[in-house]
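**Q** The structure follows.
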Amino acid sequence: MPIQFDVDPTVAQLAAFTADFVREVVIPAERECGGSVHDAPEALRETLQKAAREAGVFAPHVPTRWGGHGLDLRGQAAVFEAAGYSLLGPLALNCAAPDEGNMHLLEKVATGEQQQRYLRPLAAGESRSCFAMTEPAPGAGADPRSLRTTATRVPGGWRIDGRKWFITGAQGADFTIVMARTSGGPGDPGGATMFLVDAETPGMHLVRTIDTLDESLFAGHSEIVFEECVVGEEQVLGAVDRGFEGAQVRLGPARMTHCMRWLGAARRAQDVALERAGSRMAFGSALGDLGMVQQMLADSEIDIEASRALILRTAWELDAASSAASQLTSVSKTFVAEAVNRVVDRAVQICGALGVSAEDAPLARLFREVRPFRIYDGPSETHRFAIARRALRPYRQPSPEWPRRRRAGWR
């Protein structure tokens with residue numbers, strides 16, 4: 001099947017409506033709070049999401065049977081980019097991390113009863129969630145096999161013990177999806193299980209909210225301790241000991257939706273730079289007529305277009321459940337994360353003093369927000385390791401093709 005990059009007219013219209021909604025409703029709200037929502041009241045989220053429903057742009061990614069628009073990943077690419085033009089756009093559309101990824105996971109993995117209990121209110125914006133996998137060193141981080149949180153069978157269910165940190169959205173979340181080891185030990189490739197843990201479950205304690213460089217993810221990032229936290233057998237999400245495999249259902253698409261949203265932020269930074277370069281006079285001409293500024297603007301246009309093309313290609317592969325999706329997901333996440341940083345950095349440089357002002361332009365807060373993207377959902381170095389390993393795989397396997405492949409590679 002040939003890869004299609006054209007956008008369905010219905011999707012293009014939804015993206016246009018989203019762009020208008022973000023400019024008219026969301027950006028003013030972002031300016032008012034300075035883009036910082038780590039400690040924002042629930043009323044802000046509820047107000048923005050109510051406005052999104054009224055504008056007809058709410059939940060573009062959610063299947064229609066749960067009240068959304070039911071877009072595939074290629075469709076989401078256009079709409080999420082439009083939403084990401086504001087730091088609060090994804091929150092307004094209910095397609096922000098971690099809830100968006102958790103909705104996808106629950107739709108694919110949860111039982112019917114679990115979907116009614118957890119997915120239905122989450123998709124409607126009536127609840128919030130978080131995904132608890134990352135742990136302080138030496139626990140699970142870029143290498144999930146280092147998982148140390150344990151879940152032990154007890155009468156009627158499981159007892160969870162361990163410490164998680166950098167758990168986005170945990171403060172005030174209605175439930176947590178927890179990754180815990182049910183067999184093996186740290187370093188083993190399997191033996192993990194996902195559990196659904198309701199807020200206020202005895203033994204689950206939110207220790208602190210971590211002060212971080214970024215501030216635009218609602219409720220911030222928290223550290224959580226599980227001490228003899230007992231959940232029922234019905235709280236197992238997916239299969240016991242197959243948690244890492246289940247998490248892949250979430251992680252691949254979630255990496256791409258991160259790319260889509262942050263590409264919107266890069267476009268906004270480039271628009272600010274273009275406006276400044278076209279109007280600011282320096283050295284007897286418009287800033288945009290100077291060669292070095294033109295090169296920065298051109299390089300940013302290249303980064304944006306290349307990022308969008310990679311996102312669409314990878315989204316198509318994921319929608320088609322292609323075997324190439326894993327490699328392209330890592331390629332796209334690495335490239336887009338670094339391209340977005342380059343675009344915002346150039347915009348700051350072009351705008352000079354305006355670029356570092358927190359009050360007169362959005363670039364300072366965009367710069368602060370996009371830097372962690374090179375770490376979140378796997379640092380660039382980890383993805384490069386995976387990319388190289390997959391690329392080398394055919395050349396490491398003894399087969400009749402080996403001599404021919406080796407010679408072809410040397411020509």
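Letters A, B, ... go to the chains of the structure tokens in the order shown; residues in each chain start at 1; ligands are counted from 1 in the same order.
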Looking only at the backbone, which of the residues in region 77-120 of chain A does DSSP tag as helix (DSSP H, G or I), as a ChimeraX atom specification?
**A** /A:77-83,89-93,99-109,112-120
**Q** Mind checking which residues fall within 7 Å of Val225 (chain A), counting only C-alpha atoms, ignoring those fewer than 6 positions away in the same chain, and posting them as a PDB file with N, CA, C and O atoms, in the first residue's frame?
**A**
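Generated file (selection_12.pdb):
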ATOM      1  N   GLY A 162       7.496   0.177  46.489  1.00  0.00           N
ATOM      2  CA  GLY A 162       8.542   0.805  45.686  1.00  0.00           C
ATOM      3  C   GLY A 162       8.405   2.307  45.660  1.00  0.00           C
ATOM      4  O   GLY A 162       7.512   2.893  46.289  1.00  0.00           O
ATOM      5  N   ARG A 163       9.306   2.935  44.940  1.00  0.00           N
ATOM      6  CA  ARG A 163       9.337   4.398  44.838  1.00  0.00           C
ATOM      7  C   ARG A 163       9.388   4.804  43.373  1.00  0.00           C
ATOM      8  O   ARG A 163      10.182   4.286  42.592  1.00  0.00           O
ATOM      9  N   LYS A 164       8.538   5.742  43.003  1.00  0.00           N
ATOM     10  CA  LYS A 164       8.499   6.287  41.647  1.00  0.00           C
ATOM     11  C   LYS A 164       8.765   7.786  41.716  1.00  0.00           C
ATOM     12  O   LYS A 164       8.403   8.449  42.695  1.00  0.00           O
ATOM     13  N   MET A 204      -0.343   4.261  49.113  1.00  0.00           N
ATOM     14  CA  MET A 204       0.209   5.092  48.039  1.00  0.00           C
ATOM     15  C   MET A 204       0.319   6.521  48.555  1.00  0.00           C
ATOM     16  O   MET A 204      -0.688   7.130  48.933  1.00  0.00           O
ATOM     17  N   HIS A 205       1.541   7.056  48.579  1.00  0.00           N
ATOM     18  CA  HIS A 205       1.787   8.372  49.152  1.00  0.00           C
ATOM     19  C   HIS A 205       2.508   9.261  48.145  1.00  0.00           C
ATOM     20  O   HIS A 205       3.568   8.892  47.628  1.00  0.00           O
ATOM     21  N   LEU A 206       1.954  10.438  47.900  1.00  0.00           N
ATOM     22  CA  LEU A 206       2.639  11.436  47.083  1.00  0.00           C
ATOM     23  C   LEU A 206       3.588  12.203  47.999  1.00  0.00           C
ATOM     24  O   LEU A 206       3.158  12.917  48.894  1.00  0.00           O
ATOM     25  N   VAL A 207       4.889  12.017  47.762  1.00  0.00           N
ATOM     26  CA  VAL A 207       5.904  12.587  48.653  1.00  0.00           C
ATOM     27  C   VAL A 207       6.150  14.063  48.372  1.00  0.00           C
ATOM     28  O   VAL A 207       6.242  14.879  49.303  1.00  0.00           O
TER      29      VAL A 207
END
**Q** Counting only C-alpha atoms, figure out which residue out of A:Phe17, A:Phe226, A:Trp262, A:Trp66 gets nearest to Gly84 (chain A).
**A**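 So, comparing all the options, the nearest one is A:Trp262.
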**Q** Return as a Markdown table the residues of region 154-270 of chain A lying at most 10 Å from region 98-120 of chain A, together with the closest atom-to-atom pair for each and the distance in Å to one decimal, counting only C-alpha atoms, with rows in chain order and ascending residue number.
**A**
| residue | atom | partner | partner_atom | distance |
| --- | --- | --- | --- | --- |
| A:Ile167 | CA | A:Pro98 | CA | 9.1 |
| A:Thr168 | CA | A:Pro98 | CA | 6.7 |
| A:Gly169 | CA | A:Pro98 | CA | 7.0 |
| A:Ala170 | CA | A:Pro98 | CA | 9.5 |
| A:Ala173 | CA | A:Asp99 | CA | 9.9 |
| A:Asp174 | CA | A:Tyr118 | CA | 9.0 |
| A:Phe175 | CA | A:Tyr118 | CA | 8.0 |
| A:Thr176 | CA | A:Asn102 | CA | 9.6 |
| A:Ile177 | CA | A:Asn102 | CA | 8.2 |
| A:Leu196 | CA | A:Tyr118 | CA | 8.9 |
| A:Asp198 | CA | A:Tyr118 | CA | 9.6 |
| A:Leu217 | CA | A:Pro98 | CA | 8.9 |
| A:Phe218 | CA | A:Pro98 | CA | 9.5 |
| A:Glu234 | CA | A:Gln114 | CA | 8.4 |
| A:Gln235 | CA | A:Gln114 | CA | 8.2 |
| A:Val236 | CA | A:Ala110 | CA | 8.9 |
| A:Leu237 | CA | A:Ala110 | CA | 5.9 |
| A:Gly238 | CA | A:Val109 | CA | 5.6 |
| A:Ala239 | CA | A:Val109 | CA | 9.0 |
| A:Gly246 | CA | A:Val109 | CA | 7.2 |
| A:Ala247 | CA | A:Leu105 | CA | 7.6 |
| A:Gln248 | CA | A:Leu105 | CA | 9.0 |
| A:Val249 | CA | A:Leu105 | CA | 6.2 |
| A:Arg250 | CA | A:Leu105 | CA | 5.2 |
| A:Leu251 | CA | A:Gly101 | CA | 7.5 |
| A:Gly252 | CA | A:Gly101 | CA | 9.5 |
| A:Pro253 | CA | A:Gly101 | CA | 7.5 |
| A:Ala254 | CA | A:Gly101 | CA | 5.4 |
| A:Arg255 | CA | A:Gly101 | CA | 9.0 |
| A:Thr257 | CA | A:Gly101 | CA | 8.5 |
| A:His258 | CA | A:Gly101 | CA | 9.7 |
**Q** Show which residues sit within 10 Å of region 371-374 of chain A, as a count of residues only. Count only C-alpha atoms, and ignore same-chain residues fewer than 4 positions away.
**A** 24
**Q** Counting only C-alpha atoms, what is within 9 Å of Thr152 (chain A), bar same-chain residues fewer than 2 positions away, as a PDB file with all heavy atoms, in the first residue's frame?
**A**
ATOM      1  N   THR A 150       8.121  -3.600  43.247  1.00  0.00           N
ATOM      2  CA  THR A 150       7.650  -4.982  43.202  1.00  0.00           C
ATOM      3  C   THR A 150       6.158  -5.066  43.496  1.00  0.00           C
ATOM      4  O   THR A 150       5.580  -4.209  44.184  1.00  0.00           O
ATOM      5  CB  THR A 150       8.396  -5.864  44.219  1.00  0.00           C
ATOM      6  OG1 THR A 150       8.163  -5.351  45.533  1.00  0.00           O
ATOM      7  CG2 THR A 150       9.884  -5.899  43.925  1.00  0.00           C
ATOM      8  N   VAL A 154      -0.851 -11.474  47.286  1.00  0.00           N
ATOM      9  CA  VAL A 154      -1.399 -11.604  48.634  1.00  0.00           C
ATOM     10  C   VAL A 154      -2.828 -12.104  48.471  1.00  0.00           C
ATOM     11  O   VAL A 154      -3.374 -12.094  47.359  1.00  0.00           O
ATOM     12  CB  VAL A 154      -1.382 -10.248  49.381  1.00  0.00           C
ATOM     13  CG1 VAL A 154       0.040  -9.763  49.610  1.00  0.00           C
ATOM     14  CG2 VAL A 154      -2.181  -9.192  48.627  1.00  0.00           C
ATOM     15  N   GLY A 157      -5.339 -10.388  45.886  1.00  0.00           N
ATOM     16  CA  GLY A 157      -4.745  -9.415  44.977  1.00  0.00           C
ATOM     17  C   GLY A 157      -3.245  -9.325  45.061  1.00  0.00           C
ATOM     18  O   GLY A 157      -2.556 -10.345  45.152  1.00  0.00           O
ATOM     19  N   TRP A 158      -2.735  -8.072  45.068  1.00  0.00           N
ATOM     20  CA  TRP A 158      -1.300  -7.816  44.982  1.00  0.00           C
ATOM     21  C   TRP A 158      -0.911  -6.697  45.938  1.00  0.00           C
ATOM     22  O   TRP A 158      -1.659  -5.740  46.114  1.00  0.00           O
ATOM     23  CB  TRP A 158      -0.915  -7.408  43.558  1.00  0.00           C
ATOM     24  CG  TRP A 158      -1.183  -8.459  42.522  1.00  0.00           C
ATOM     25  CD1 TRP A 158      -2.377  -8.719  41.913  1.00  0.00           C
ATOM     26  CD2 TRP A 158      -0.234  -9.375  41.986  1.00  0.00           C
ATOM     27  NE1 TRP A 158      -2.230  -9.747  41.015  1.00  0.00           N
ATOM     28  CE2 TRP A 158      -0.914 -10.167  41.039  1.00  0.00           C
ATOM     29  CE3 TRP A 158       1.128  -9.606  42.198  1.00  0.00           C
ATOM     30  CZ2 TRP A 158      -0.296 -11.172  40.316  1.00  0.00           C
ATOM     31  CZ3 TRP A 158       1.761 -10.601  41.473  1.00  0.00           C
ATOM     32  CH2 TRP A 158       1.049 -11.375  40.545  1.00  0.00           C
ATOM     33  N   ARG A 159       0.305  -6.814  46.514  1.00  0.00           N
ATOM     34  CA  ARG A 159       0.866  -5.753  47.344  1.00  0.00           C
ATOM     35  C   ARG A 159       2.008  -5.097  46.586  1.00  0.00           C
ATOM     36  O   ARG A 159       2.980  -5.750  46.187  1.00  0.00           O
ATOM     37  CB  ARG A 159       1.387  -6.334  48.659  1.00  0.00           C
ATOM     38  CG  ARG A 159       1.842  -5.243  49.653  1.00  0.00           C
ATOM     39  CD  ARG A 159       2.610  -5.818  50.829  1.00  0.00           C
ATOM     40  NE  ARG A 159       3.963  -6.226  50.422  1.00  0.00           N
ATOM     41  CZ  ARG A 159       4.506  -7.401  50.722  1.00  0.00           C
ATOM     42  NH1 ARG A 159       3.806  -8.308  51.390  1.00  0.00           N
ATOM     43  NH2 ARG A 159       5.747  -7.677  50.352  1.00  0.00           N
ATOM     44  N   ILE A 160       1.902  -3.784  46.398  1.00  0.00           N
ATOM     45  CA  ILE A 160       2.897  -3.021  45.640  1.00  0.00           C
ATOM     46  C   ILE A 160       3.804  -2.269  46.609  1.00  0.00           C
ATOM     47  O   ILE A 160       3.328  -1.592  47.527  1.00  0.00           O
ATOM     48  CB  ILE A 160       2.220  -2.031  44.673  1.00  0.00           C
ATOM     49  CG1 ILE A 160       1.266  -2.773  43.719  1.00  0.00           C
ATOM     50  CG2 ILE A 160       3.263  -1.249  43.879  1.00  0.00           C
ATOM     51  CD1 ILE A 160       0.424  -1.855  42.850  1.00  0.00           C
ATOM     52  N   ASP A 161       5.127  -2.386  46.390  1.00  0.00           N
ATOM     53  CA  ASP A 161       6.114  -1.683  47.207  1.00  0.00           C
ATOM     54  C   ASP A 161       7.186  -1.091  46.294  1.00  0.00           C
ATOM     55  O   ASP A 161       7.726  -1.787  45.424  1.00  0.00           O
ATOM     56  CB  ASP A 161       6.778  -2.647  48.194  1.00  0.00           C
ATOM     57  CG  ASP A 161       5.806  -3.203  49.223  1.00  0.00           C
ATOM     58  OD1 ASP A 161       5.500  -2.491  50.186  1.00  0.00           O
ATOM     59  OD2 ASP A 161       5.354  -4.356  49.037  1.00  0.00           O
ATOM     60  N   ARG A 181       7.390  -4.966  39.220  1.00  0.00           N
ATOM     61  CA  ARG A 181       7.969  -6.262  38.876  1.00  0.00           C
ATOM     62  C   ARG A 181       7.256  -7.374  39.639  1.00  0.00           C
ATOM     63  O   ARG A 181       7.159  -7.344  40.865  1.00  0.00           O
ATOM     64  CB  ARG A 181       9.472  -6.266  39.203  1.00  0.00           C
ATOM     65  CG  ARG A 181      10.184  -7.539  38.771  1.00  0.00           C
ATOM     66  CD  ARG A 181      11.680  -7.407  38.887  1.00  0.00           C
ATOM     67  NE  ARG A 181      12.254  -6.502  37.897  1.00  0.00           N
ATOM     68  CZ  ARG A 181      12.403  -6.800  36.606  1.00  0.00           C
ATOM     69  NH1 ARG A 181      12.013  -7.986  36.151  1.00  0.00           N
ATOM     70  NH2 ARG A 181      12.944  -5.934  35.779  1.00  0.00           N
ATOM     71  N   THR A 182       6.739  -8.355  38.884  1.00  0.00           N
ATOM     72  CA  THR A 182       6.046  -9.497  39.489  1.00  0.00           C
ATOM     73  C   THR A 182       6.850 -10.784  39.393  1.00  0.00           C
ATOM     74  O   THR A 182       6.460 -11.808  39.943  1.00  0.00           O
ATOM     75  CB  THR A 182       4.671  -9.693  38.820  1.00  0.00           C
ATOM     76  OG1 THR A 182       4.802  -9.581  37.397  1.00  0.00           O
ATOM     77  CG2 THR A 182       3.681  -8.647  39.301  1.00  0.00           C
ATOM     78  N   SER A 183       7.954 -10.740  38.669  1.00  0.00           N
ATOM     79  CA  SER A 183       8.888 -11.878  38.638  1.00  0.00           C
ATOM     80  C   SER A 183      10.253 -11.374  38.202  1.00  0.00           C
ATOM     81  O   SER A 183      10.379 -10.282  37.642  1.00  0.00           O
ATOM     82  CB  SER A 183       8.398 -12.980  37.690  1.00  0.00           C
ATOM     83  OG  SER A 183       8.437 -12.534  36.350  1.00  0.00           O
TER      84      SER A 183
END
**Q** Using only C-alpha atoms, pick whichever of A:Ala51, A:Leu312, A:Leu122, A:Cys130 has the shortest atom-to-atom distance to Val7 (chain A).
**A**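 That would be A:Leu312, the residue with the smallest distance to Val7 (chain A).
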**Q** With only C-alpha atoms as the atoms that count, which of A:Cys351, A:Ile304, A:Leu44, A:Leu71 lies nearest to Ser279 (chain A)?
**A**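 Closest to Ser279 (chain A), using only C-alpha atoms: A:Cys351.
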**Q** Can you work out the spacing between CA of His383 (chain A) and CA of Thr314 (chain A) in Å, to one decimal?
**A**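 These atoms are spaced 14.9 Å apart.
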**Q** Mind the document's chain letters and residue numbers, and return as an MDAnalysis selection string the residues of region 178-280 of chain A that DSSP labels strand (DSSP E or B).
**A** chainID A and resid 178:181 192:198 204:210 221:232 236:237
**Q** Could you pull the residues within 12 Å of Ala43 (chain A), counting only C-alpha atoms, minus those fewer than 6 positions along the same chain, as JSON, numbers by chain?
**A** {"A": [37, 49, 50, 92, 126, 218]}
